[in-house]
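Reviewing the structure listed below.
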Amino acid sequence: MGDFFSEYQAGDFYDEMFAAPGEARPHYSKLLARFKEMDREEFERKRALAASTFLSQGVTFTVYNDEQGTERIFPFDLLPRIIPAAEWEKIERGLVQRITALNLFLHDIYHQQNILRDGVIPKQIVWEAAHFRPEFMHFDVPRNVYIHICGTDLVRDRDGNYLVLEDNARCPSGVSYVIENRQTMKRTFPNLLGQYRVRPVEDYSQELLNVLRYIAPHGQREPTIVLLTPGVYNSAYFEHSFLARSMGIEIVEGRDLVAQGGKVFMRTTKGLAQVDVIYRRINDDFLDPQVFRKDSGLGVPGLVEAYRDGNVSLANSIGTGIADDKAVYHFVPKMIRYYLNEDALLPNVPTYLASVKEELTYILEHILELVVKAVNESGGYGMLVGPQATKAECEKFKEKIRKSPRNYIAQPVVPLSRAPSFCDDNMEGRHIDLRPFILYGEKVTIVPGGLTRVALRKGSLVVNSSQGGGSKDTWVLENGVA
Amino acid sequence: MLSRVADSLYWMSRYIERAENNARIVEVNLQMLLDLTNQQEADPNQQWDPVISSLEENELFSSLYPKPDGRAVIDFVSLQKKNPNSIVSCLTCARENARTTSELISSEMWEQINRLYLFVKSDTAKKLVRTSPYEFFKRVITGSHLCQGTTDATMTHAEGWDFIRIGKLLERADCTSRILDIKYHILLPSGEEVGGNIDTIQWMSVLRSCSALEAYRKIYFGQVAPWKVAEFIITHSAFPRSIRFAVDCFESALHHISGSNETKYANEAERLAGRLRSDLDYATIGDIFKFGLHEYLEQIQDRLAEINHAIHDAYCANNAAEAFS
């Protein structure tokens, strides 16, 4: 037999699968049994099947620096990550609480700003945030929902506690992999999936469509909904077209749309057709060259005016970037207390703000033990992992932090949990995180699980696909299944 | 449907059809060479000139290859990225267009197009082109047929499907006219007579490139004669690769899109297509030869190009101003 786990080392981390060497946690025992009876050849066959499925479906991202414009498949690890029902229930409650507070926060910030007046969050933090949009003060968004789609990244510490690492409240991506990964697992491990009763994820698109219909202007019942993409060369284009296809809506580029008389239209073979709801996968900055970046060729001149007039709805709303600013993140537990009068069910990772004097000193002195992040960046860009950085890199970052402290935060290195992953011909522990996708429409819905990303490079803590990360299927079990 | 998407579907389909036809032309030429070398000592290199001429890329070709031998032509038509009409270039464009419309075409179609693209980009394909080009071309042709079949079987037969059909048929009419025209460029070896042995073999090859030899034999008995071949390929009403059949079908697809009655026209594309269709309906092979076969085919190519522009103007041009008023 394959003997995949004979040399497996759990290491000094929380291991998702093994409670002790050779002893799988109860919800992983069937998986372990399945791998014990499988030989290498069968496993290789399954791996090849999975890879060819992704390739032929075009589930790829483009590698930009390659002259040939090579497309790579997002590496997929065949070992699923399994979450028992009770554990998921807790996560879910925490996420619902969090998105509720973030929406209340956005409404407050763009109206009375009570939370600033009451001194819960320092004023400058908001005023100086790059993604705060004072142009939208006192603007009422449709149905009072700001973040319709949120991707909140969770990690587990050494004791297995779930912590929130960051929120993505602008254009989170990755959900198409959740669905494609499951499709692939259905082909490669049909029996195992059947044995575990795993909660389905396929209804995400339907739920998303419900959200988009819910926010249609003037309570319209049959709104025309489109997905606005930066175009086919965007690295997430596969996802855009995947979602549009599974919702049965048009995917449009900026040049397909035209705004006239406070309304937005798309250019069709039968003339112009009015658009009611836009699921935009373009950041605020590029939406409308008349209002935001003048050099944007991706957006639609006049779009913002139509949005203000209430003739077209956007998901997510403009200005949500203030909620996922990494300095504002620090205050989310306080927001939860302030708006909901509850304790945060999912704690934050401790965060130091470089804009606070004492904390700046601490960051500069302890940079070797910290992860430093630029407040507005995502995708693993603009960050420094202290323990793994060179001296020169640390010095460079210190300089940047001193120069613009508001732009940086730091966190202790979280010893992320690890899950067995197939690397270098064997099963080895690799660090993982979890990005659930939260939909906020008439109610909050969360597809069970989310995207488990895995840092395939040995020792790496960065799971982003742009930084050599891969993914796993995430199995949330039905109640009563071990 | 979005204008941009209609345009992409149209071109996706044209490029797949173009790749298929290029494969047909070269594959048949390969076969013909075998026939001819068995017969007599013609200079085999000379037999490739017409292929290059028919692709209208003489200059590009001679800039890339020192001499027009079979190897060079096969490479030029199949895998040469600098040739915008090589099979690999066509399928790259087809796939790019499919990617921008992948929410509209069925996932089965996308997978089929993607698979064909991945094949021509693979090392297997490179090896096949060198060692067994016949097999490579066969796979391209079959791949194109799979795309068509998948399209018809899995996509709603509505506007988008009509644009796909128009692209395919317009390209096919154009390519068929070029295949037929190859015979014009082929010089008979000196001492050979028109209607002689070699001439017949060449006309049979033309039929074979259009998968028309068997169908032809069922209708015309006896000798393969030039005017009969031309008549069949240009004017047959039911053979799916004849020019008339293609024009007939895309004309009705145009009406299907606009919803206008076939006896009237709703736009310039329909008017031009209707006129070409009716010319083909009433043309006799006698008229065509009197006009000159080569000239006649060139004129058809020009008219197809006009129709192409008219379709673009009617459905895909920037239509904001007039549509809004």
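Here's how to read the names in the structure tokens: chain A, B, ... by the order shown, residue numbers from 1 in each chain, ligand numbers from 1 in the order shown.
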I need the chain B residues near chain A as a VMD selection string; criterion: at most 12 Å, counting only C-alpha atoms. chain B and resid 1 to 7 81 92 95 to 119 121 159 to 160 163 257 to 259 311 to 325
Any chance you could export the current selection's C-alpha atoms as a short mmCIF file (atom, residue, chain, number, x, y, z; two decimals), in the first residue's frame?
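Saved file selection04.cif follows:
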data_model
loop_
_atom_site.label_atom_id
_atom_site.label_comp_id
_atom_site.auth_asym_id
_atom_site.auth_seq_id
_atom_site.Cartn_x
_atom_site.Cartn_y
_atom_site.Cartn_z
CA MET B 1 -26.95 40.03 -26.45
CA LEU B 2 -23.90 42.26 -26.07
CA SER B 3 -22.50 43.49 -29.36
CA ARG B 4 -19.00 42.60 -28.25
CA VAL B 5 -20.10 39.10 -27.42
CA ALA B 6 -21.86 38.65 -30.76
CA ASP B 7 -18.65 39.70 -32.46
CA LYS B 81 2.92 31.41 -34.69
CA THR B 92 -5.50 30.59 -30.18
CA ARG B 95 -10.07 30.19 -27.74
CA GLU B 96 -9.47 33.81 -26.73
CA ASN B 97 -12.85 34.66 -28.19
CA ALA B 98 -14.41 31.70 -26.45
CA ARG B 99 -12.89 32.86 -23.18
CA THR B 100 -14.51 36.27 -23.45
CA THR B 101 -17.86 34.63 -24.09
CA SER B 102 -17.54 31.65 -21.84
CA GLU B 103 -20.55 32.65 -19.78
CA LEU B 104 -22.65 32.39 -22.92
CA ILE B 105 -21.41 29.25 -24.62
CA SER B 106 -22.02 25.96 -22.85
CA SER B 107 -19.24 24.62 -20.65
CA GLU B 108 -19.09 21.57 -22.89
CA MET B 109 -18.28 23.84 -25.83
CA TRP B 110 -15.66 25.68 -23.89
CA GLU B 111 -14.03 22.43 -22.83
CA GLN B 112 -14.02 21.14 -26.39
CA ILE B 113 -12.44 24.30 -27.79
CA ASN B 114 -9.97 24.43 -24.95
CA ARG B 115 -9.02 20.78 -25.46
CA LEU B 116 -8.41 21.34 -29.16
CA TYR B 117 -6.29 24.37 -28.35
CA LEU B 118 -4.30 22.49 -25.72
CA PHE B 119 -3.72 19.72 -28.26
CA LYS B 121 -0.04 23.62 -28.32
CA GLU B 159 -29.20 34.57 -31.20
CA GLY B 160 -25.73 33.55 -30.02
CA PHE B 163 -23.89 34.27 -34.82
CA ILE B 257 -31.57 37.12 -35.77
CA SER B 258 -33.48 40.14 -37.02
CA GLY B 259 -36.80 38.34 -37.17
CA ILE B 311 -22.85 42.24 -40.32
CA HIS B 312 -20.35 44.07 -38.19
CA ASP B 313 -21.99 47.40 -38.90
CA ALA B 314 -25.46 46.09 -38.20
CA TYR B 315 -24.76 44.33 -34.92
CA CYS B 316 -21.35 45.02 -33.53
CA ALA B 317 -20.37 48.56 -34.30
CA ASN B 318 -20.56 51.14 -31.55
CA ASN B 319 -24.30 51.58 -31.63
CA ALA B 320 -24.80 53.92 -28.71
CA ALA B 321 -25.81 57.05 -30.57
CA GLU B 322 -28.48 55.78 -32.92
CA ALA B 323 -29.91 53.30 -30.47
CA PHE B 324 -30.45 55.91 -27.83
CA SER B 325 -32.20 58.52 -29.94
#
So that I can check the secondary structure, give me every residue of range 349-429 of chain A assigned strand (DSSP E) by backbone DSSP, as an MDAnalysis selection string. chainID A and resid 352:353 370:374 383:385 408:412 418:423 426:429
Go ahead and dump the residues you just picked, N, CA and C atoms, as a PDB file, in the first residue's frame.
ATOM      1  N   TYR A 352      -0.709  45.663  16.117  1.00  0.00           N
ATOM      2  CA  TYR A 352      -0.090  46.921  16.523  1.00  0.00           C
ATOM      3  C   TYR A 352      -0.239  47.927  15.400  1.00  0.00           C
ATOM      4  N   LEU A 353      -0.662  49.131  15.761  1.00  0.00           N
ATOM      5  CA  LEU A 353      -0.828  50.172  14.754  1.00  0.00           C
ATOM      6  C   LEU A 353       0.399  51.071  14.765  1.00  0.00           C
ATOM      7  N   LEU A 370       7.697  39.978  13.920  1.00  0.00           N
ATOM      8  CA  LEU A 370       6.354  40.409  13.507  1.00  0.00           C
ATOM      9  C   LEU A 370       6.107  40.210  12.016  1.00  0.00           C
ATOM     10  N   VAL A 371       4.812  40.170  11.689  1.00  0.00           N
ATOM     11  CA  VAL A 371       4.427  40.275  10.281  1.00  0.00           C
ATOM     12  C   VAL A 371       3.947  41.703  10.081  1.00  0.00           C
ATOM     13  N   VAL A 372       4.569  42.413   9.153  1.00  0.00           N
ATOM     14  CA  VAL A 372       4.154  43.791   8.897  1.00  0.00           C
ATOM     15  C   VAL A 372       3.337  43.812   7.614  1.00  0.00           C
ATOM     16  N   LYS A 373       2.219  44.529   7.642  1.00  0.00           N
ATOM     17  CA  LYS A 373       1.370  44.585   6.447  1.00  0.00           C
ATOM     18  C   LYS A 373       1.017  46.022   6.113  1.00  0.00           C
ATOM     19  N   ALA A 374       1.016  46.313   4.827  1.00  0.00           N
ATOM     20  CA  ALA A 374       0.504  47.603   4.373  1.00  0.00           C
ATOM     21  C   ALA A 374      -1.022  47.547   4.511  1.00  0.00           C
ATOM     22  N   MET A 383       3.871  42.991   2.172  1.00  0.00           N
ATOM     23  CA  MET A 383       4.026  42.528   3.545  1.00  0.00           C
ATOM     24  C   MET A 383       5.422  41.984   3.790  1.00  0.00           C
ATOM     25  N   LEU A 384       5.758  41.947   5.073  1.00  0.00           N
ATOM     26  CA  LEU A 384       7.071  41.467   5.476  1.00  0.00           C
ATOM     27  C   LEU A 384       6.867  40.442   6.582  1.00  0.00           C
ATOM     28  N   VAL A 385       7.406  39.247   6.384  1.00  0.00           N
ATOM     29  CA  VAL A 385       7.355  38.247   7.451  1.00  0.00           C
ATOM     30  C   VAL A 385       8.703  38.295   8.157  1.00  0.00           C
ATOM     31  N   TYR A 408       0.811  51.283   7.927  1.00  0.00           N
ATOM     32  CA  TYR A 408       1.309  49.965   8.327  1.00  0.00           C
ATOM     33  C   TYR A 408       0.741  49.484   9.656  1.00  0.00           C
ATOM     34  N   ILE A 409       0.557  48.185   9.726  1.00  0.00           N
ATOM     35  CA  ILE A 409       0.241  47.541  10.997  1.00  0.00           C
ATOM     36  C   ILE A 409       1.191  46.368  11.136  1.00  0.00           C
ATOM     37  N   ALA A 410       1.248  45.810  12.330  1.00  0.00           N
ATOM     38  CA  ALA A 410       2.078  44.621  12.521  1.00  0.00           C
ATOM     39  C   ALA A 410       1.350  43.650  13.431  1.00  0.00           C
ATOM     40  N   GLN A 411       1.598  42.389  13.208  1.00  0.00           N
ATOM     41  CA  GLN A 411       0.981  41.345  14.020  1.00  0.00           C
ATOM     42  C   GLN A 411       2.046  40.334  14.381  1.00  0.00           C
ATOM     43  N   PRO A 412       1.899  39.705  15.555  1.00  0.00           N
ATOM     44  CA  PRO A 412       2.820  38.614  15.851  1.00  0.00           C
ATOM     45  C   PRO A 412       2.624  37.504  14.814  1.00  0.00           C
ATOM     46  N   ARG A 418      -1.527  23.382  10.444  1.00  0.00           N
ATOM     47  CA  ARG A 418      -1.049  22.700   9.237  1.00  0.00           C
ATOM     48  C   ARG A 418      -1.950  21.520   8.904  1.00  0.00           C
ATOM     49  N   ALA A 419      -1.991  21.212   7.639  1.00  0.00           N
ATOM     50  CA  ALA A 419      -2.745  20.043   7.203  1.00  0.00           C
ATOM     51  C   ALA A 419      -1.850  19.240   6.281  1.00  0.00           C
ATOM     52  N   PRO A 420      -1.971  17.911   6.324  1.00  0.00           N
ATOM     53  CA  PRO A 420      -1.153  17.094   5.438  1.00  0.00           C
ATOM     54  C   PRO A 420      -1.462  17.433   3.982  1.00  0.00           C
ATOM     55  N   SER A 421      -0.420  17.613   3.204  1.00  0.00           N
ATOM     56  CA  SER A 421      -0.580  17.959   1.799  1.00  0.00           C
ATOM     57  C   SER A 421       0.466  17.165   1.029  1.00  0.00           C
ATOM     58  N   PHE A 422       0.147  16.849  -0.200  1.00  0.00           N
ATOM     59  CA  PHE A 422       1.068  16.028  -0.970  1.00  0.00           C
ATOM     60  C   PHE A 422       2.124  16.911  -1.624  1.00  0.00           C
ATOM     61  N   CYS A 423       3.357  16.822  -1.094  1.00  0.00           N
ATOM     62  CA  CYS A 423       4.452  17.634  -1.616  1.00  0.00           C
ATOM     63  C   CYS A 423       5.673  16.747  -1.723  1.00  0.00           C
ATOM     64  N   ASN A 426       5.443  13.014  -1.014  1.00  0.00           N
ATOM     65  CA  ASN A 426       5.033  12.504   0.283  1.00  0.00           C
ATOM     66  C   ASN A 426       4.035  13.432   0.952  1.00  0.00           C
ATOM     67  N   MET A 427       3.440  12.965   2.040  1.00  0.00           N
ATOM     68  CA  MET A 427       2.531  13.829   2.774  1.00  0.00           C
ATOM     69  C   MET A 427       3.338  14.642   3.771  1.00  0.00           C
ATOM     70  N   GLU A 428       3.200  15.940   3.673  1.00  0.00           N
ATOM     71  CA  GLU A 428       3.906  16.795   4.619  1.00  0.00           C
ATOM     72  C   GLU A 428       2.954  17.855   5.137  1.00  0.00           C
ATOM     73  N   GLY A 429       3.212  18.304   6.354  1.00  0.00           N
ATOM     74  CA  GLY A 429       2.373  19.340   6.934  1.00  0.00           C
ATOM     75  C   GLY A 429       2.622  20.668   6.233  1.00  0.00           C
TER      76      GLY A 429
END
Apply DSSP to the backbone of this structure and, from range 81-285 of chain B, keep only the residues in helix (DSSP H, G or I); write these as a ChimeraX atom specification. /B:87-100,107-121,123-131,133-154,159-185,197-209,213-219,226-235,243-258,268-282,285
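Non-sequential neighbours of Ser63 in chain B (distance at most 12 Å, separation of 5 or more positions within a chain, only C-alpha atoms) are Glu57, Asn58, Pro68, Ala72, Phe76, Lys82 and Asn83 of chain B.
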If you count only C-alpha atoms, which residues fall within 9 Å of range 274-278 of chain A, apart from same-chain ones fewer than 3 positions away, as a list in words?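 Result of the neighbour search: Leu212, Arg213, Ile215, Ala216, Pro217, Gln220, Pro223, Thr224, Ile225, Val226, Leu227, Leu228, Leu257, Lys263, Val264, Phe265, Met266, Asn311, Val312, Ser313, Leu314, Ala315 and Asn316 of chain A.
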Write to file, as a tab-separated table (two decimals), in the first residue's frame, the residues of the selection just made, with N, CA and C atoms.
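out_16.tsv written:
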chain	number	residue	atom	x	y	z
A	212	LEU	N	-28.20	39.87	-5.37
A	212	LEU	CA	-28.17	40.91	-6.41
A	212	LEU	C	-29.58	41.34	-6.80
A	213	ARG	N	-30.50	40.39	-6.81
A	213	ARG	CA	-31.89	40.75	-7.13
A	213	ARG	C	-32.50	41.59	-6.01
A	215	ILE	N	-31.18	43.77	-4.14
A	215	ILE	CA	-30.79	45.18	-4.08
A	215	ILE	C	-31.18	45.96	-5.33
A	216	ALA	N	-31.97	45.37	-6.20
A	216	ALA	CA	-32.36	46.06	-7.44
A	216	ALA	C	-33.04	47.38	-7.13
A	217	PRO	N	-32.78	48.41	-7.94
A	217	PRO	CA	-33.38	49.72	-7.67
A	217	PRO	C	-34.91	49.68	-7.80
A	220	GLN	N	-37.44	46.58	-8.17
A	220	GLN	CA	-37.77	45.91	-9.42
A	220	GLN	C	-37.74	44.38	-9.28
A	223	PRO	N	-34.92	42.43	-12.46
A	223	PRO	CA	-33.85	43.36	-12.83
A	223	PRO	C	-32.88	42.74	-13.84
A	224	THR	N	-32.27	43.60	-14.65
A	224	THR	CA	-31.17	43.14	-15.50
A	224	THR	C	-29.88	43.28	-14.71
A	225	ILE	N	-29.22	42.14	-14.50
A	225	ILE	CA	-28.03	42.10	-13.66
A	225	ILE	C	-26.83	41.75	-14.54
A	226	VAL	N	-25.72	42.45	-14.34
A	226	VAL	CA	-24.52	42.11	-15.09
A	226	VAL	C	-23.33	42.01	-14.14
A	227	LEU	N	-22.30	41.31	-14.59
A	227	LEU	CA	-21.05	41.27	-13.85
A	227	LEU	C	-20.03	42.09	-14.63
A	228	LEU	N	-19.46	43.08	-13.96
A	228	LEU	CA	-18.49	43.97	-14.62
A	228	LEU	C	-17.07	43.48	-14.32
A	257	LEU	N	-20.58	49.18	-21.58
A	257	LEU	CA	-21.59	49.95	-20.87
A	257	LEU	C	-21.49	51.41	-21.26
A	263	LYS	N	-28.69	56.94	-16.19
A	263	LYS	CA	-28.97	55.50	-16.26
A	263	LYS	C	-27.81	54.81	-16.95
A	264	VAL	N	-27.71	53.51	-16.71
A	264	VAL	CA	-26.62	52.75	-17.32
A	264	VAL	C	-27.21	51.76	-18.31
A	265	PHE	N	-26.58	51.68	-19.48
A	265	PHE	CA	-27.06	50.78	-20.53
A	265	PHE	C	-25.91	49.90	-21.00
A	266	MET	N	-26.27	48.74	-21.54
A	266	MET	CA	-25.24	47.97	-22.24
A	266	MET	C	-25.54	47.96	-23.73
A	311	ASN	N	-30.56	54.72	-9.90
A	311	ASN	CA	-31.05	53.96	-11.05
A	311	ASN	C	-30.25	52.69	-11.32
A	312	VAL	N	-29.14	52.56	-10.64
A	312	VAL	CA	-28.38	51.33	-10.78
A	312	VAL	C	-27.78	51.01	-9.41
A	313	SER	N	-27.76	49.73	-9.05
A	313	SER	CA	-27.20	49.33	-7.76
A	313	SER	C	-25.86	48.66	-7.99
A	314	LEU	N	-24.97	48.82	-7.03
A	314	LEU	CA	-23.65	48.20	-7.13
A	314	LEU	C	-23.44	47.23	-5.98
A	315	ALA	N	-22.79	46.13	-6.27
A	315	ALA	CA	-22.35	45.21	-5.23
A	315	ALA	C	-20.88	44.93	-5.48
A	316	ASN	N	-20.04	45.19	-4.50
A	316	ASN	CA	-20.33	45.85	-3.24
A	316	ASN	C	-20.51	47.35	-3.45
Can you list, as a PDB file with N, CA and C atoms, in the first residue's frame, every protein, DNA or RNA residue that comes within 8 Å of Phe132 in chain A when you count only C-alpha atoms, leaving out same-chain residues fewer than 4 positions away?
ATOM      1  N   VAL A 126     -10.040  56.892  10.442  1.00  0.00           N
ATOM      2  CA  VAL A 126     -11.004  56.876   9.352  1.00  0.00           C
ATOM      3  C   VAL A 126     -10.692  57.963   8.325  1.00  0.00           C
ATOM      4  N   TRP A 127     -10.442  59.171   8.836  1.00  0.00           N
ATOM      5  CA  TRP A 127     -10.227  60.273   7.892  1.00  0.00           C
ATOM      6  C   TRP A 127      -9.027  60.045   6.992  1.00  0.00           C
ATOM      7  N   GLU A 128      -8.026  59.354   7.531  1.00  0.00           N
ATOM      8  CA  GLU A 128      -6.813  59.164   6.739  1.00  0.00           C
ATOM      9  C   GLU A 128      -6.822  57.873   5.933  1.00  0.00           C
ATOM     10  N   GLY A 319     -17.042  52.501  -1.364  1.00  0.00           N
ATOM     11  CA  GLY A 319     -16.562  52.969  -0.061  1.00  0.00           C
ATOM     12  C   GLY A 319     -16.434  51.898   1.011  1.00  0.00           C
ATOM     13  N   THR A 320     -16.625  50.634   0.656  1.00  0.00           N
ATOM     14  CA  THR A 320     -16.515  49.575   1.675  1.00  0.00           C
ATOM     15  C   THR A 320     -15.069  49.334   2.081  1.00  0.00           C
ATOM     16  N   GLY A 321     -14.123  49.881   1.285  1.00  0.00           N
ATOM     17  CA  GLY A 321     -12.709  49.656   1.587  1.00  0.00           C
ATOM     18  C   GLY A 321     -12.308  50.153   2.961  1.00  0.00           C
ATOM     19  N   ILE A 322     -13.072  51.069   3.512  1.00  0.00           N
ATOM     20  CA  ILE A 322     -12.760  51.555   4.863  1.00  0.00           C
ATOM     21  C   ILE A 322     -12.941  50.430   5.890  1.00  0.00           C
TER      22      ILE A 322
END
Find the residues near Ser89 in chain B: any atom within 9 Å, counting only C-alpha atoms, skip ones fewer than 3 places away on the same chain, and give them as a PyMOL selection string. chain B and resi 15+19+78-86+92-94
d(CA of Gly160 in chain A, CA of Tyr14 in chain A) in Å: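 About the pair CA of Gly160 in chain A and CA of Tyr14 in chain A: they are 5.7 Å apart.
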Hey, what's within 12 Å of range 17-20 of chain A if we count only C-alpha atoms and toss same-chain stuff fewer than 2 positions away? As a PyMOL selection string, please? chain A and resi 5+8-15+22-32+79-84+159-160+417-421+427-430
May I have the selected residues written with N, CA and C atoms, as a short mmCIF file (atom, residue, chain, number, x, y, z; two decimals), in the first residue's frame?
data_model
loop_
_atom_site.label_atom_id
_atom_site.label_comp_id
_atom_site.auth_asym_id
_atom_site.auth_seq_id
_atom_site.Cartn_x
_atom_site.Cartn_y
_atom_site.Cartn_z
N PHE A 5 1.51 8.04 5.19
CA PHE A 5 1.67 8.83 6.41
C PHE A 5 2.73 8.28 7.37
N TYR A 8 5.04 10.91 8.50
CA TYR A 8 4.44 12.23 8.68
C TYR A 8 4.79 12.85 10.02
N GLN A 9 5.20 14.13 9.99
CA GLN A 9 5.55 14.85 11.22
C GLN A 9 4.54 15.96 11.45
N ALA A 10 3.86 15.92 12.56
CA ALA A 10 2.88 16.97 12.83
C ALA A 10 3.58 18.29 13.16
N GLY A 11 4.77 18.23 13.73
CA GLY A 11 5.50 19.46 14.03
C GLY A 11 4.89 20.21 15.20
N ASP A 12 5.44 21.36 15.48
CA ASP A 12 5.02 22.13 16.64
C ASP A 12 3.87 23.08 16.27
N PHE A 13 2.87 22.54 15.62
CA PHE A 13 1.74 23.35 15.18
C PHE A 13 0.46 22.58 15.46
N TYR A 14 -0.66 23.27 15.35
CA TYR A 14 -1.92 22.55 15.43
C TYR A 14 -2.07 21.79 14.12
N ASP A 15 -2.14 20.46 14.19
CA ASP A 15 -2.29 19.68 12.97
C ASP A 15 -3.77 19.35 12.79
N GLY A 22 0.30 9.36 14.28
CA GLY A 22 -0.41 8.15 13.87
C GLY A 22 -1.85 8.09 14.34
N GLU A 23 -2.29 9.09 15.09
CA GLU A 23 -3.65 9.03 15.63
C GLU A 23 -4.49 10.17 15.03
N ALA A 24 -5.33 9.81 14.07
CA ALA A 24 -6.11 10.83 13.38
C ALA A 24 -7.24 11.33 14.27
N ARG A 25 -7.57 12.60 14.15
CA ARG A 25 -8.76 13.13 14.84
C ARG A 25 -9.97 12.38 14.29
N PRO A 26 -11.04 12.25 15.13
CA PRO A 26 -12.16 11.39 14.72
C PRO A 26 -12.70 11.71 13.34
N HIS A 27 -12.84 13.01 12.99
CA HIS A 27 -13.44 13.33 11.71
C HIS A 27 -12.51 13.08 10.53
N TYR A 28 -11.27 12.68 10.81
CA TYR A 28 -10.36 12.37 9.71
C TYR A 28 -10.12 10.86 9.59
N SER A 29 -10.75 10.04 10.47
CA SER A 29 -10.36 8.63 10.49
C SER A 29 -10.75 7.90 9.20
N LYS A 30 -11.90 8.25 8.64
CA LYS A 30 -12.29 7.58 7.39
C LYS A 30 -11.35 7.95 6.25
N LEU A 31 -10.92 9.19 6.27
CA LEU A 31 -9.99 9.64 5.23
C LEU A 31 -8.68 8.88 5.34
N LEU A 32 -8.21 8.74 6.58
CA LEU A 32 -6.95 8.02 6.79
C LEU A 32 -7.09 6.57 6.32
N LEU A 79 -5.98 16.16 -0.66
CA LEU A 79 -6.47 15.85 0.68
C LEU A 79 -7.41 16.94 1.15
N PRO A 80 -8.66 16.62 1.38
CA PRO A 80 -9.60 17.66 1.80
C PRO A 80 -9.33 18.11 3.23
N ARG A 81 -9.78 19.31 3.52
CA ARG A 81 -9.77 19.79 4.90
C ARG A 81 -11.18 19.57 5.42
N ILE A 82 -11.28 18.96 6.61
CA ILE A 82 -12.60 18.57 7.11
C ILE A 82 -12.94 19.37 8.37
N ILE A 83 -14.16 19.92 8.39
CA ILE A 83 -14.60 20.69 9.55
C ILE A 83 -15.88 20.06 10.10
N PRO A 84 -15.87 19.63 11.35
CA PRO A 84 -17.07 19.01 11.93
C PRO A 84 -18.19 20.05 12.06
N ASP A 159 -3.32 26.29 19.44
CA ASP A 159 -4.32 25.51 20.17
C ASP A 159 -5.53 25.18 19.33
N GLY A 160 -5.51 25.57 18.08
CA GLY A 160 -6.65 25.25 17.21
C GLY A 160 -7.77 26.28 17.28
N SER A 417 -2.13 26.73 11.62
CA SER A 417 -2.30 25.28 11.67
C SER A 417 -1.82 24.67 10.36
N ARG A 418 -1.53 23.38 10.44
CA ARG A 418 -1.05 22.70 9.24
C ARG A 418 -1.95 21.52 8.90
N ALA A 419 -1.99 21.21 7.64
CA ALA A 419 -2.75 20.04 7.20
C ALA A 419 -1.85 19.24 6.28
N PRO A 420 -1.97 17.91 6.32
CA PRO A 420 -1.15 17.09 5.44
C PRO A 420 -1.46 17.43 3.98
N SER A 421 -0.42 17.61 3.20
CA SER A 421 -0.58 17.96 1.80
C SER A 421 0.47 17.17 1.03
N MET A 427 3.44 12.97 2.04
CA MET A 427 2.53 13.83 2.77
C MET A 427 3.34 14.64 3.77
N GLU A 428 3.20 15.94 3.67
CA GLU A 428 3.91 16.79 4.62
C GLU A 428 2.95 17.85 5.14
N GLY A 429 3.21 18.30 6.35
CA GLY A 429 2.37 19.34 6.93
C GLY A 429 2.62 20.67 6.23
N ARG A 430 1.53 21.34 5.83
CA ARG A 430 1.68 22.66 5.22
C ARG A 430 0.67 23.59 5.87
#
Looking at only C-alpha atoms, which of A:Val444, A:Leu477, A:Ala236, A:Ala354 is the one that sits closest to His330 in chain A? A:Ala354
